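Have a look at the structure below, then the notes.
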Amino acid sequence: MLSKNKIKYIRSLQQKKFRQKYNKFIVEGDKIVRELCGQAPSLIDELFALPDWLAQNTLPPALKDRAEPINAKELSQISKLRTPNQVLAIANAPNLTFPAPAAVGPMSLYLDGIQDPGNMGTILRIADWYGLDHLFCAPDTVEVFNAKVIQASMGAVFRIQVHYLEVQQLRAALPDFTFYGMLMEGNSIFTTTWKQPAMLVIGNEGQGIRQATFEALDAQITIPKGKNGRAESLNAAIATGIVCAVFEEKTL
């Protein structure tokens, strides 16, 4: 049975300030917890699940002592989901070191203040689709361990290392990268002469790329509107997917 203090502690991790205080985050739901168990079991600190879930899933040996059966009422007390989903894990935030330039690969992304957790999670999935190991973010970009980001990432969050730093710091650390800013006006992504390694910079959903980041760019690129296009703009995650696809195609 979960104690009141344990329930209070777990629920506190639904808030960013406590995730940062304890350096832990919550992963909730059958599919995403199974992804965590398969991709990064060493991150799991504690696991709470309905008895049926524990009976139906084989945990890595090292996790068996960290798994605790709970009932549906207890799960509802610690869950943030409207309909609690069988299992909840508390994970340790990974200790990251900044990668060597060669480890970043031919392409990466810099998120300049993305705020929507759904966009962030989807961009992580896109990065995962294209095999990126690292993703870089301005300090005010939405927190990667926000519950909605984790859900939207569909497990990509466990395979990609996310680093938060100012664009000037990133430029200094990766001097050989060409920084391409995605803007409403710029060179068409279809006619751009792409240089590798490349850093694709995606701006905030409402404000776009901020001035300080704009000044750090090497090139301005845009997705040309369709012949009969009417939309004012594209969703940040959709635009990211399009640009990654074009970069991949043009640099094969």
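Order determines the names: the first chain of the structure tokens is A, the second B, and so forth; residues in each chain are numbered 1 upward, and ligands are numbered 1 upward as they are shown.
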Taking only C-alpha atoms into account, produce a table as CSV in which each residue of region 9-112 of chain A with an atom at most 12 Å from an atom of region 209-227 of chain A appears once, together with its shortest atom pair and the distance in Å to one decimal, ordered by chain and rising number.
residue,atom,partner,partner_atom,distance
A:Tyr110,CA,A:Thr213,CA,10.1
A:Leu111,CA,A:Ile209,CA,9.1
A:Asp112,CA,A:Ile209,CA,6.3
| request: Rank A:Val246, A:Ala138, A:Ala102, A:Val157 by their smallest atom-to-atom distance to Ser188 (chain A), using only C-alpha atoms, and report the top residue only. | output: A:Val246
| said: Give me, as a VMD selection string, all polymer residues having an atom no more than 10 Å from Val144 (chain A), counting only C-alpha atoms and skipping those fewer than 4 positions away in the same chain. | reply: chain A and resid 25 117 120 to 121 124 137 148 to 150 153 157 161 to 164
Keeping only N, CA, C and O atoms, write the selected residues as a JSON list (two decimals), in the first residue's frame.
[["chain", "number", "residue", "atom", "x", "y", "z"],
["A", 25, "PHE", "N", 11.59, 12.14, -13.18],
["A", 25, "PHE", "CA", 10.40, 12.45, -13.95],
["A", 25, "PHE", "C", 9.50, 11.22, -14.01],
["A", 25, "PHE", "O", 9.91, 10.10, -13.70],
["A", 117, "PRO", "N", 4.14, 21.38, -25.79],
["A", 117, "PRO", "CA", 4.67, 20.03, -25.52],
["A", 117, "PRO", "C", 4.40, 19.05, -26.65],
["A", 117, "PRO", "O", 5.23, 18.18, -26.93],
["A", 120, "MET", "N", 6.97, 19.66, -29.29],
["A", 120, "MET", "CA", 8.27, 19.15, -28.84],
["A", 120, "MET", "C", 8.34, 17.63, -28.96],
["A", 120, "MET", "O", 9.31, 17.07, -29.47],
["A", 121, "GLY", "N", 7.29, 16.95, -28.50],
["A", 121, "GLY", "CA", 7.27, 15.50, -28.59],
["A", 121, "GLY", "C", 7.30, 15.00, -30.02],
["A", 121, "GLY", "O", 8.00, 14.04, -30.35],
["A", 124, "LEU", "N", 10.73, 15.40, -31.48],
["A", 124, "LEU", "CA", 11.58, 14.30, -31.01],
["A", 124, "LEU", "C", 11.35, 13.04, -31.85],
["A", 124, "LEU", "O", 12.30, 12.33, -32.19],
["A", 137, "CYS", "N", 18.38, 22.80, -27.65],
["A", 137, "CYS", "CA", 17.25, 23.69, -27.37],
["A", 137, "CYS", "C", 17.70, 24.96, -26.65],
["A", 137, "CYS", "O", 18.61, 24.91, -25.80],
["A", 148, "LYS", "N", 3.47, 15.66, -21.16],
["A", 148, "LYS", "CA", 2.89, 15.69, -22.50],
["A", 148, "LYS", "C", 3.96, 15.51, -23.57],
["A", 148, "LYS", "O", 3.69, 14.92, -24.63],
["A", 149, "VAL", "N", 5.16, 16.02, -23.32],
["A", 149, "VAL", "CA", 6.26, 15.80, -24.27],
["A", 149, "VAL", "C", 6.59, 14.32, -24.33],
["A", 149, "VAL", "O", 6.75, 13.74, -25.42],
["A", 150, "ILE", "N", 6.69, 13.68, -23.17],
["A", 150, "ILE", "CA", 7.03, 12.26, -23.12],
["A", 150, "ILE", "C", 5.99, 11.43, -23.87],
["A", 150, "ILE", "O", 6.35, 10.56, -24.68],
["A", 153, "SER", "N", 6.21, 11.98, -27.65],
["A", 153, "SER", "CA", 7.45, 11.49, -28.28],
["A", 153, "SER", "C", 7.38, 10.01, -28.63],
["A", 153, "SER", "O", 8.21, 9.52, -29.41],
["A", 157, "VAL", "N", 12.03, 10.08, -26.69],
["A", 157, "VAL", "CA", 12.70, 10.81, -25.61],
["A", 157, "VAL", "C", 13.75, 9.94, -24.91],
["A", 157, "VAL", "O", 14.70, 10.46, -24.32],
["A", 161, "GLN", "N", 19.37, 12.43, -26.81],
["A", 161, "GLN", "CA", 19.86, 13.30, -25.74],
["A", 161, "GLN", "C", 19.51, 14.75, -26.08],
["A", 161, "GLN", "O", 19.83, 15.23, -27.16],
["A", 162, "VAL", "N", 18.86, 15.41, -25.14],
["A", 162, "VAL", "CA", 18.40, 16.79, -25.36],
["A", 162, "VAL", "C", 19.23, 17.74, -24.49],
["A", 162, "VAL", "O", 19.30, 17.56, -23.27],
["A", 163, "HIS", "N", 19.84, 18.73, -25.14],
["A", 163, "HIS", "CA", 20.73, 19.67, -24.46],
["A", 163, "HIS", "C", 20.14, 21.08, -24.54],
["A", 163, "HIS", "O", 19.70, 21.51, -25.61],
["A", 164, "TYR", "N", 20.18, 21.81, -23.43],
["A", 164, "TYR", "CA", 19.65, 23.17, -23.37],
["A", 164, "TYR", "C", 20.81, 24.17, -23.25],
["A", 164, "TYR", "O", 21.59, 24.10, -22.30]]
| DSSP alpha helix (DSSP H) residues within region 3-163 of chain A, as a VMD selection string | chain A and resid 4 to 12 16 to 22 30 to 39 51 to 56 72 to 78 101 to 104 117 to 129 147 to 153
| request: For region 86-98 of chain A, list every protein, DNA or RNA residue within 6 Å, evaluated using only C-alpha atoms, and leave out those in the same chain fewer than 2 positions away; present the list as number ranges by chain. | output: A: 23-30, 43-50
| field | One-decimal distance in Å that lies between CA of Lys64 (chain A) and CA of Tyr9 (chain A) | value |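 So the answer is 21.4 Å.
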Neighbour list for Pro51 (chain A) as a PDB file with all heavy atoms, in the first residue's frame, cut-off 10 Å, only C-alpha atoms, skip fewer than 5 positions in-chain:
ATOM      1  N   GLN A  56       1.643  -9.853 -16.870  1.00  0.00           N
ATOM      2  CA  GLN A  56       1.675  -9.973 -18.329  1.00  0.00           C
ATOM      3  C   GLN A  56       2.974  -9.466 -18.947  1.00  0.00           C
ATOM      4  O   GLN A  56       3.215  -9.667 -20.145  1.00  0.00           O
ATOM      5  CB  GLN A  56       0.494  -9.204 -18.936  1.00  0.00           C
ATOM      6  CG  GLN A  56      -0.856  -9.802 -18.592  1.00  0.00           C
ATOM      7  CD  GLN A  56      -2.007  -8.869 -18.927  1.00  0.00           C
ATOM      8  OE1 GLN A  56      -1.822  -7.841 -19.581  1.00  0.00           O
ATOM      9  NE2 GLN A  56      -3.200  -9.214 -18.463  1.00  0.00           N
ATOM     10  N   GLU A  68       6.438  -2.383  -7.733  1.00  0.00           N
ATOM     11  CA  GLU A  68       5.492  -2.552  -6.630  1.00  0.00           C
ATOM     12  C   GLU A  68       4.066  -2.672  -7.171  1.00  0.00           C
ATOM     13  O   GLU A  68       3.610  -1.788  -7.901  1.00  0.00           O
ATOM     14  CB  GLU A  68       5.580  -1.367  -5.665  1.00  0.00           C
ATOM     15  CG  GLU A  68       4.640  -1.475  -4.482  1.00  0.00           C
ATOM     16  CD  GLU A  68       4.801  -0.333  -3.499  1.00  0.00           C
ATOM     17  OE1 GLU A  68       5.844   0.360  -3.537  1.00  0.00           O
ATOM     18  OE2 GLU A  68       3.876  -0.121  -2.683  1.00  0.00           O
ATOM     19  N   PRO A  69       3.355  -3.750  -6.830  1.00  0.00           N
ATOM     20  CA  PRO A  69       1.957  -3.856  -7.257  1.00  0.00           C
ATOM     21  C   PRO A  69       1.071  -2.895  -6.471  1.00  0.00           C
ATOM     22  O   PRO A  69       1.242  -2.735  -5.257  1.00  0.00           O
ATOM     23  CB  PRO A  69       1.605  -5.312  -6.952  1.00  0.00           C
ATOM     24  CG  PRO A  69       2.552  -5.715  -5.871  1.00  0.00           C
ATOM     25  CD  PRO A  69       3.798  -4.941  -6.089  1.00  0.00           C
ATOM     26  N   ILE A  70       0.169  -2.238  -7.167  1.00  0.00           N
ATOM     27  CA  ILE A  70      -0.791  -1.343  -6.517  1.00  0.00           C
ATOM     28  C   ILE A  70      -2.170  -1.600  -7.114  1.00  0.00           C
ATOM     29  O   ILE A  70      -2.293  -2.227  -8.174  1.00  0.00           O
ATOM     30  CB  ILE A  70      -0.411   0.139  -6.704  1.00  0.00           C
ATOM     31  CG1 ILE A  70      -0.320   0.514  -8.195  1.00  0.00           C
ATOM     32  CG2 ILE A  70       0.900   0.466  -5.986  1.00  0.00           C
ATOM     33  CD1 ILE A  70      -0.090   2.003  -8.440  1.00  0.00           C
ATOM     34  N   ASN A  71      -3.205  -1.117  -6.438  1.00  0.00           N
ATOM     35  CA  ASN A  71      -4.559  -1.313  -6.961  1.00  0.00           C
ATOM     36  C   ASN A  71      -4.988  -0.091  -7.778  1.00  0.00           C
ATOM     37  O   ASN A  71      -4.281   0.930  -7.844  1.00  0.00           O
ATOM     38  CB  ASN A  71      -5.545  -1.604  -5.825  1.00  0.00           C
ATOM     39  CG  ASN A  71      -5.594  -0.499  -4.782  1.00  0.00           C
ATOM     40  OD1 ASN A  71      -5.607   0.690  -5.127  1.00  0.00           O
ATOM     41  ND2 ASN A  71      -5.616  -0.879  -3.497  1.00  0.00           N
ATOM     42  N   ALA A  72      -6.152  -0.210  -8.403  1.00  0.00           N
ATOM     43  CA  ALA A  72      -6.627   0.835  -9.302  1.00  0.00           C
ATOM     44  C   ALA A  72      -6.840   2.164  -8.581  1.00  0.00           C
ATOM     45  O   ALA A  72      -6.568   3.236  -9.146  1.00  0.00           O
ATOM     46  CB  ALA A  72      -7.916   0.391  -9.980  1.00  0.00           C
ATOM     47  N   GLN A  86      -2.726   1.512 -16.148  1.00  0.00           N
ATOM     48  CA  GLN A  86      -2.071   0.287 -15.703  1.00  0.00           C
ATOM     49  C   GLN A  86      -0.745   0.430 -14.978  1.00  0.00           C
ATOM     50  O   GLN A  86      -0.456  -0.309 -14.053  1.00  0.00           O
ATOM     51  CB  GLN A  86      -1.845  -0.671 -16.882  1.00  0.00           C
ATOM     52  CG  GLN A  86      -3.108  -1.058 -17.616  1.00  0.00           C
ATOM     53  CD  GLN A  86      -2.811  -2.062 -18.702  1.00  0.00           C
ATOM     54  OE1 GLN A  86      -2.510  -3.212 -18.415  1.00  0.00           O
ATOM     55  NE2 GLN A  86      -2.870  -1.622 -19.953  1.00  0.00           N
ATOM     56  N   VAL A  87       0.104   1.388 -15.408  1.00  0.00           N
ATOM     57  CA  VAL A  87       1.464   1.411 -14.868  1.00  0.00           C
ATOM     58  C   VAL A  87       2.045   2.822 -14.888  1.00  0.00           C
ATOM     59  O   VAL A  87       1.744   3.626 -15.773  1.00  0.00           O
ATOM     60  CB  VAL A  87       2.369   0.441 -15.663  1.00  0.00           C
ATOM     61  CG1 VAL A  87       2.446   0.830 -17.132  1.00  0.00           C
ATOM     62  CG2 VAL A  87       3.755   0.349 -15.048  1.00  0.00           C
TER      63      VAL A  87
END
| message | Need to verify the contact set: Asp133 (chain A), 7 Å, only C-alpha atoms, exclusion of same-chain residues closer than 3 positions in sequence. Can you return it as a VMD selection string? | response | chain A and resid 104 159 to 161
Print the selection's residues with C-alpha atoms to a file, as an mmCIF file, in the first residue's frame.
data_model
loop_
_atom_site.group_PDB
_atom_site.id
_atom_site.type_symbol
_atom_site.label_atom_id
_atom_site.label_comp_id
_atom_site.auth_asym_id
_atom_site.auth_seq_id
_atom_site.Cartn_x
_atom_site.Cartn_y
_atom_site.Cartn_z
ATOM 1 C CA VAL A 104 26.317 14.943 -33.506
ATOM 2 C CA ARG A 159 16.782 7.504 -27.446
ATOM 3 C CA ILE A 160 17.732 11.137 -28.011
ATOM 4 C CA GLN A 161 19.861 13.299 -25.741
#
| Which residue of A:Pro106, A:Glu232, A:Ile32, A:Ala62 approaches Ala152 (chain A) most closely, using only C-alpha atoms |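 For Ala152 (chain A), the nearest of the given residues is A:Ile32.
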| query | Taking into account only C-alpha atoms, which residue in the set A:Ile202, A:Ile189, A:Leu132, A:Cys37 is nearest to Pro61 (chain A)? | reply |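 When distances to Pro61 (chain A) are compared using only C-alpha atoms, the smallest one comes from A:Cys37.
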